[in-house]
$ cat upload.cif   # mmCIF, C-alpha atoms
data_input
#
loop_
_atom_site.label_atom_id
_atom_site.label_comp_id
_atom_site.auth_asym_id
_atom_site.auth_seq_id
_atom_site.Cartn_x
_atom_site.Cartn_y
_atom_site.Cartn_z
CA MET C 181 39.28 132.40 37.49
CA LYS C 182 37.65 131.06 40.61
CA ARG C 183 34.40 130.53 38.79
CA ILE C 184 36.23 128.76 36.01
CA GLY C 185 38.02 126.53 38.54
CA ASN C 186 34.76 125.67 40.27
CA CYS C 187 33.20 124.91 36.92
CA SER C 188 36.13 122.64 36.00
CA SER C 189 35.87 120.87 39.34
CA ARG C 190 32.18 120.28 38.78
CA ILE C 191 32.84 118.90 35.31
CA ILE C 192 35.53 116.56 36.65
CA ILE C 193 33.25 115.39 39.46
CA GLY C 194 30.41 114.93 36.96
CA THR C 195 32.67 112.92 34.65
CA ALA C 196 33.76 110.74 37.56
CA LEU C 197 30.14 110.04 38.44
CA VAL C 198 29.34 109.11 34.83
CA ALA C 199 32.42 106.90 34.65
CA THR C 200 31.44 105.22 37.91
CA PHE C 201 28.01 104.55 36.44
CA PHE C 202 29.75 102.62 33.64
CA ASN C 203 31.95 100.86 36.19
CA ILE C 204 35.14 102.64 35.06
CA ARG C 205 37.65 103.81 37.60
CA LEU C 206 39.34 107.12 36.90
CA GLY C 207 41.37 107.39 40.11
CA HIS C 208 44.57 106.90 38.19
CA SER C 209 43.66 109.72 35.82
CA PHE C 210 42.82 112.10 38.69
CA SER C 211 46.08 111.28 40.45
CA LEU C 212 47.94 112.22 37.30
CA ILE C 213 46.41 115.70 37.47
CA SER C 214 47.62 116.36 41.00
CA SER C 215 51.02 114.66 40.82
CA HIS C 216 52.06 115.50 37.26
CA GLY C 217 50.03 118.58 36.50
CA LEU C 218 48.31 117.04 33.49
CA SER C 219 45.63 119.09 31.80
CA PHE C 220 41.95 118.61 32.35
CA GLY C 221 41.60 117.80 28.60
CA HIS C 222 44.10 114.95 28.91
CA CYS C 223 42.07 113.50 31.77
CA ILE C 224 38.90 113.68 29.71
CA ASN C 225 40.64 112.03 26.74
CA GLN C 226 41.76 109.15 28.95
CA ALA C 227 38.25 108.75 30.32
CA ASN C 228 36.82 108.72 26.79
CA GLY C 229 39.42 106.15 25.76
CA LEU C 230 38.39 103.83 28.60
CA ILE C 231 34.72 104.24 27.76
CA ASN C 232 35.35 103.59 24.05
CA SER C 233 37.47 100.52 24.89
CA ARG C 234 34.71 99.06 27.04
CA SER C 235 32.16 99.89 24.34
CA LEU C 236 34.22 98.14 21.66
CA ARG C 237 34.58 95.03 23.80
CA THR C 238 30.84 95.02 24.41
CA GLN C 239 30.15 95.46 20.69
CA HIS C 240 32.58 92.67 19.86
CA ARG C 241 30.83 90.31 22.24
CA GLY C 242 27.54 91.37 20.68
CA LEU C 243 28.83 90.56 17.19
CA ARG C 244 29.88 87.11 18.28
CA MET C 245 26.46 86.45 19.74
CA SER C 246 24.62 87.80 16.74
CA GLY C 247 26.88 85.76 14.50
CA SER C 248 25.32 82.63 15.92
CA ASN C 249 21.86 83.90 15.02
CA GLU C 250 22.56 85.76 11.79
CA GLY C 251 24.15 84.59 8.57
CA VAL C 252 24.61 80.88 9.32
CA PRO C 253 23.19 79.92 12.74
CA ALA C 254 24.63 76.99 14.66
CA LYS C 255 21.50 74.97 13.93
CA THR C 256 21.89 75.52 10.22
CA HIS C 257 25.50 74.37 10.38
CA GLY C 258 24.29 71.12 11.90
CA GLN C 259 21.55 70.74 9.34
CA ASP C 260 23.98 71.40 6.49
CA LYS C 261 26.40 68.83 7.85
CA ALA C 262 23.62 66.28 8.18
CA GLN C 263 22.46 67.06 4.65
CA GLU C 264 26.01 66.59 3.33
CA THR C 265 26.17 63.22 5.09
CA LYS C 266 22.87 62.19 3.51
CA GLN C 267 24.03 63.27 0.07
CA ARG C 268 27.17 61.14 0.38
CA ILE C 269 25.15 57.93 0.83
CA GLU C 270 26.04 55.37 -1.82
CA TRP C 271 22.65 53.82 -2.48
CA ILE C 272 22.53 50.16 -3.45
CA ILE C 273 20.77 49.91 -6.81
CA ARG C 274 19.64 46.39 -7.70
CA PRO C 275 16.95 44.76 -9.86
CA SER C 276 13.63 44.30 -8.11
CA THR C 277 12.23 40.89 -7.24
CA ILE C 278 8.83 39.49 -6.35
CA GLU C 279 9.91 39.53 -2.71
CA ASP C 280 10.02 43.35 -2.85
CA ASP C 281 6.32 43.59 -3.69
CA GLU C 282 4.94 44.34 -0.23
CA GLU C 283 7.61 46.86 0.80
CA LEU C 284 7.44 48.63 -2.57
CA SER C 285 3.65 48.88 -2.33
CA LYS C 286 3.98 50.75 0.97
CA LEU C 287 6.75 52.96 -0.42
CA MET C 288 4.83 53.90 -3.56
CA LEU C 289 1.62 54.55 -1.62
CA GLU C 290 3.41 56.94 0.73
CA SER C 291 5.39 58.56 -2.07
CA TYR C 292 2.49 59.25 -4.42
CA SER C 293 0.12 60.30 -1.62
CA LYS C 294 2.49 62.99 -0.35
CA LEU C 295 4.57 64.04 -3.34
CA LEU C 296 1.68 64.40 -5.82
CA ALA C 297 -0.51 66.40 -3.46
CA ALA C 298 0.74 69.76 -4.75
CA ASP C 299 -0.48 69.08 -8.31
CA TYR C 300 -3.54 66.83 -7.96
CA ASN C 301 -6.59 67.39 -5.80
CA ASP C 302 -7.29 65.26 -2.75
CA ASP C 303 -10.43 63.61 -4.10
CA PHE C 304 -8.65 62.47 -7.23
CA LEU C 305 -5.61 61.14 -5.34
CA GLU C 306 -7.81 59.24 -2.92
CA LYS C 307 -9.13 57.23 -5.85
CA ALA C 308 -6.05 57.11 -8.07
CA VAL C 309 -3.16 56.47 -5.69
CA PRO C 310 -4.24 52.96 -4.61
CA MET C 311 -4.40 51.95 -8.28
CA ILE C 312 -0.92 53.20 -9.20
CA SER C 313 0.82 52.10 -6.00
CA LYS C 314 0.88 48.38 -6.72
CA PRO C 315 4.05 47.26 -8.54
CA ARG C 316 3.28 45.40 -11.73
CA PRO C 317 4.48 41.77 -11.67
CA GLU C 318 6.06 42.16 -15.13
CA LEU C 319 8.13 45.08 -13.84
CA LEU C 320 9.23 43.29 -10.68
CA THR C 321 10.72 40.47 -12.74
CA CYS C 322 11.87 42.24 -15.93
CA GLY C 323 15.44 42.82 -14.71
CA THR C 324 15.51 46.50 -15.66
CA TRP C 325 13.24 47.87 -12.93
CA TYR C 326 15.29 48.70 -9.88
CA VAL C 327 15.06 49.45 -6.21
CA ALA C 328 17.28 51.79 -4.22
CA GLN C 329 18.35 50.30 -0.92
CA HIS C 330 20.00 51.94 2.09
CA PRO C 331 23.50 50.45 2.51
CA GLN C 332 23.23 50.15 6.30
CA THR C 333 19.56 49.42 7.02
CA ASN C 334 18.65 47.70 3.71
CA GLN C 335 15.45 49.75 3.73
CA LEU C 336 13.99 50.42 0.29
CA VAL C 337 13.88 54.17 -0.40
CA GLY C 338 13.09 54.31 -4.10
CA CYS C 339 12.23 52.45 -7.26
CA GLY C 340 12.20 53.00 -11.01
CA GLY C 341 13.50 51.56 -14.23
CA TRP C 342 12.93 51.18 -17.94
CA THR C 343 11.52 48.79 -20.50
CA LYS C 344 11.70 48.42 -24.25
CA THR C 345 7.94 47.98 -24.38
CA ASN C 346 5.46 50.81 -24.55
CA PRO C 347 3.45 51.08 -21.29
CA ASN C 348 0.51 52.42 -23.30
CA PRO C 349 0.06 49.92 -26.18
CA SER C 350 -2.82 51.90 -27.68
CA LYS C 351 -0.43 54.75 -28.36
CA PRO C 352 1.12 54.62 -31.87
CA VAL C 353 4.86 54.56 -32.32
CA SER C 354 6.07 58.12 -31.77
CA SER C 355 7.85 60.24 -34.32
CA GLY C 356 10.89 59.99 -32.09
CA ALA C 357 11.21 56.24 -32.63
CA ASN C 358 14.68 54.76 -33.07
CA ASN C 359 16.09 53.31 -36.30
CA SER C 360 13.33 54.92 -38.32
CA SER C 361 15.18 55.51 -41.58
CA PRO C 362 13.17 54.59 -44.72
CA GLU C 363 15.84 52.16 -45.88
CA GLY C 364 16.46 50.50 -42.53
CA PRO C 365 14.51 47.97 -40.46
CA PRO C 366 11.05 48.85 -39.07
CA ALA C 367 10.98 51.56 -36.50
CA LEU C 368 11.34 50.50 -32.91
CA PRO C 369 9.39 52.24 -30.15
CA PRO C 370 11.57 54.28 -27.82
CA PRO C 371 12.44 52.69 -24.49
CA HIS C 372 10.32 54.08 -21.66
CA LEU C 373 11.23 54.98 -18.10
CA ARG C 374 8.78 53.34 -15.74
CA HIS C 375 7.27 54.00 -12.31
CA PHE C 376 9.85 56.13 -10.51
CA ALA C 377 9.04 56.74 -6.85
CA THR C 378 11.05 57.99 -3.87
CA SER C 379 10.27 57.74 -0.18
CA PRO C 380 9.30 61.18 1.18
CA SER C 381 11.97 60.70 3.84
CA ALA C 382 14.68 60.37 1.17
CA THR C 383 13.81 63.12 -1.31
CA ARG C 384 16.65 65.35 -2.59
CA MET C 385 19.21 62.76 -1.54
CA GLY C 386 20.11 61.44 -4.99
CA VAL C 387 17.88 58.35 -4.94
CA ALA C 388 16.11 58.91 -8.27
CA SER C 389 19.33 60.15 -9.88
CA ALA C 390 21.14 56.97 -8.83
CA ILE C 391 18.40 54.83 -10.38
CA TRP C 392 18.49 56.95 -13.54
CA SER C 393 22.26 56.47 -13.83
CA ARG C 394 21.77 52.69 -13.75
CA CYS C 395 19.01 52.94 -16.38
CA GLN C 396 21.11 55.16 -18.62
CA ASN C 397 24.05 52.76 -18.53
CA ASP C 398 21.78 49.83 -19.39
CA ILE C 399 20.13 51.67 -22.27
CA ILE C 400 23.45 52.72 -23.78
CA GLU C 401 24.73 49.16 -23.52
CA GLN C 402 21.61 47.46 -24.89
CA CYS C 403 20.19 50.06 -27.29
CA GLY C 404 23.07 52.38 -28.12
CA ALA C 405 24.01 55.91 -27.11
CA ASP C 406 21.90 57.50 -29.87
CA THR C 407 18.62 56.18 -28.44
CA THR C 408 15.58 58.38 -27.94
CA LEU C 409 13.81 57.84 -24.60
CA GLU C 410 10.27 58.56 -23.46
CA VAL C 411 8.42 58.73 -20.16
CA PHE C 412 4.85 59.32 -19.07
CA SER C 413 5.52 61.73 -16.22
CA THR C 414 3.21 62.90 -13.50
CA ILE C 415 2.82 66.67 -13.43
CA SER C 416 4.84 66.69 -10.20
CA ALA C 417 7.86 64.93 -11.73
CA GLU C 418 8.27 67.07 -14.84
CA GLY C 419 11.06 69.12 -13.30
CA PHE C 420 13.07 66.02 -12.44
CA TYR C 421 12.85 64.61 -15.96
CA GLN C 422 13.66 67.98 -17.48
CA SER C 423 16.86 67.96 -15.42
CA LEU C 424 17.75 64.70 -17.20
CA GLY C 425 17.27 66.25 -20.63
CA PHE C 426 13.64 65.27 -21.30
CA GLU C 427 11.38 67.73 -23.06
CA VAL C 428 7.62 68.10 -22.84
CA GLU C 429 6.02 66.46 -25.88
CA GLU C 430 2.30 66.24 -25.08
CA ARG C 431 -0.15 66.70 -22.22
CA LYS C 432 -2.62 63.88 -22.05
CA ASN C 433 -4.81 61.68 -19.86
CA ILE C 434 -4.02 58.02 -19.37
CA PRO C 435 -6.86 55.68 -18.37
CA VAL C 436 -6.16 54.17 -14.95
CA GLY C 437 -8.83 51.93 -13.47
CA GLY C 438 -11.68 53.95 -14.91
CA LEU C 439 -10.01 57.29 -14.15
CA ASN C 440 -8.32 59.66 -16.55
CA PHE C 441 -4.92 60.35 -15.02
CA PRO C 442 -3.43 63.69 -16.18
CA CYS C 443 0.20 63.21 -17.18
CA THR C 444 2.84 64.47 -19.57
CA LEU C 445 4.53 62.58 -22.36
CA MET C 446 8.17 63.63 -22.33
CA ARG C 447 10.95 62.75 -24.72
CA ARG C 448 14.73 62.78 -24.43
CA PRO C 449 16.43 63.07 -27.82
CA PRO C 450 19.81 61.45 -28.37
CA PRO C 451 22.76 63.60 -27.31
CA ILE C 452 24.31 65.49 -30.20
#

$ encode --input "upload.cif" --output "structure tokens"
Amino acid sequence: MKRIGNCSSRIIIGTALVATFFNIRLGHSFSLISSHGLSFGHCINQANGLINSRSLRTQHRGLRMSGSNEGVPAKTHGQDKAQETKQRIEWIIRPSTIEDDEELSKLMLESYSKLLAADYNDDFLEKAVPMISKPRPELLTCGTWYVAQHPQTNQLVGCGGWTKTNPNPSKPVSSGANNSSPEGPPALPPPHLRHFATSPSATRMGVASAIWSRCQNDIIEQCGADTTLEVFSTISAEGFYQSLGFEVEERKNIPVGGLNFPCTLMRRPPPI
């Protein structure tokens, strides 16, 4: 029995040392043994309870800290909030004017230089971009080519529009022409979307979609809801036009200042 008692004493002393290492005081538990005759097992259970409690608090603090770095970090929250604010901007969409020429030239040059780089090689863009970045005077004054303007700064962040005329006169009237019944009037060429561009600083903020909405309303009003539309899209913009209901019709090269510019003829059939 003496050996057992000495062994128990050593275990209790060892436990106290371990508890002290974790900064846990067991004096109260030891006093219970002497004053109330509590068992050694009860003392150990209390010590384990204190250790587990401290461990849980430490783990809880750890979860809170990791929560700021895992799942949705604080930085991402801020970015998401900023993105939501950007997406709520009500862009001013208005017809372009001659006075917009210089600012639009800079916008289109920056847009095409950066946003086409993933699909066209650098040497080609170096030659082609300056030739497609100058707004055409007939578009600036046609009344259906628009600019997107920031409501607070008035900065131009995008452009685009539509015309009833074919931008490639050498191209014959497509099979998707409107009013092409044998007994009706001569077929009319489909209206074309023209020269969409968005500032790289304003991509994925609804600029092009806002311009498209204005174009769509105009086309329905002037040409009817059952009108087929066409666009000569850059390779880079195919996904955007597909999101509007356009389908790939033909891959082709358009002559631009002595260059053959690879593009895609896309068509949007009337809604059923």

$ residues_around --input "upload.cif" --residues "Asp280 (chain C)" --least-positions-apart "5" --cutoff "10 Å" --atoms "only C-alpha atoms" --output "count of residues only"
6

$ resolve_selection --input "upload.cif" --expression "the PyMOL selection byres ((chain C and resi 437-450) around 7)" --output "CSV table (one decimal) with C-alpha atoms, in the coordinates of the input"
chain,number,residue,atom,x,y,z
C,311,MET,CA,-4.4,52.0,-8.3
C,406,ASP,CA,21.9,57.5,-29.9
C,407,THR,CA,18.6,56.2,-28.4
C,408,THR,CA,15.6,58.4,-27.9
C,409,LEU,CA,13.8,57.8,-24.6
C,410,GLU,CA,10.3,58.6,-23.5
C,411,VAL,CA,8.4,58.7,-20.2
C,412,PHE,CA,4.8,59.3,-19.1
C,413,SER,CA,5.5,61.7,-16.2
C,414,THR,CA,3.2,62.9,-13.5
C,415,ILE,CA,2.8,66.7,-13.4
C,425,GLY,CA,17.3,66.2,-20.6
C,426,PHE,CA,13.6,65.3,-21.3
C,427,GLU,CA,11.4,67.7,-23.1
C,428,VAL,CA,7.6,68.1,-22.8
C,429,GLU,CA,6.0,66.5,-25.9
C,430,GLU,CA,2.3,66.2,-25.1
C,431,ARG,CA,-0.2,66.7,-22.2
C,432,LYS,CA,-2.6,63.9,-22.0
C,433,ASN,CA,-4.8,61.7,-19.9
C,434,ILE,CA,-4.0,58.0,-19.4
C,435,PRO,CA,-6.9,55.7,-18.4
C,436,VAL,CA,-6.2,54.2,-15.0
C,451,PRO,CA,22.8,63.6,-27.3
C,452,ILE,CA,24.3,65.5,-30.2

$ atom_distance --input "upload.cif" --atom1 "CA of Pro310 (chain C)" --atom2 "CA of Gln422 (chain C)"
26.7 Å

$ resolve_selection --input "upload.cif" --expression "the PyMOL selection byres ((chain C and resi 323) around 10)" --output "MDAnalysis selection string"
chainID C and resid 274:277 318:322 324:326 341:343

$ closest_residue --input "upload.cif" --among "C:Ala297, C:Ile278, C:Cys403, C:Ile269" --to "Arg384 (chain C)" --atoms "all atoms listed in the file"
C:Ile269

$ residues_around --input "upload.cif" --residues "Ile312 (chain C)" --least-positions-apart "4" --cutoff "9 Å" --atoms "all atoms listed in the file" --output "MDAnalysis selection string"
chainID C and resid 288:289 292 308 375 436

$ atom_distance --input "upload.cif" --atom1 "CA of Val387 (chain C)" --atom2 "CA of Glu279 (chain C)"
20.6 Å

$ residues_around --input "upload.cif" --residues "Gly338 (chain C)" --least-positions-apart "5" --cutoff "9 Å" --atoms "only C-alpha atoms" --output "list in words"
Leu284, Leu287, Met288, Tyr326, Val327, Ala328, Gln329, Phe376, Ala377, Thr378, Ser379, Ala382, Val387, Ala388 and Ile391 of chain C

$ atom_distance --input "upload.cif" --atom1 "CA of Ser423 (chain C)" --atom2 "CA of His372 (chain C)"
16.6 Å

$ residues_around --input "upload.cif" --residues "Leu424 (chain C)" --least-positions-apart "3" --cutoff "9 Å" --atoms "only C-alpha atoms" --output "PyMOL selection string"
chain C and resi 389+392+419-421+448

$ closest_residue --input "upload.cif" --among "C:Leu373, C:Gln332, C:Glu270, C:Leu305" --to "Glu290 (chain C)" --atoms "all atoms listed in the file"
C:Leu305

$ resolve_selection --input "upload.cif" --expression "the PyMOL selection byres ((chain C and resi 346) around 8)" --output "CSV table (one decimal) with C-alpha atoms, in the frame of the given file"
chain,number,residue,atom,x,y,z
C,343,THR,CA,11.5,48.8,-20.5
C,344,LYS,CA,11.7,48.4,-24.2
C,345,THR,CA,7.9,48.0,-24.4
C,347,PRO,CA,3.4,51.1,-21.3
C,348,ASN,CA,0.5,52.4,-23.3
C,349,PRO,CA,0.1,49.9,-26.2
C,369,PRO,CA,9.4,52.2,-30.2
C,370,PRO,CA,11.6,54.3,-27.8
C,371,PRO,CA,12.4,52.7,-24.5
C,372,HIS,CA,10.3,54.1,-21.7

$ closest_residue --input "upload.cif" --among "C:Ser293, C:Thr383, C:Ser416, C:Asn397" --to "Lys307 (chain C)" --atoms "all atoms listed in the file"
C:Ser293
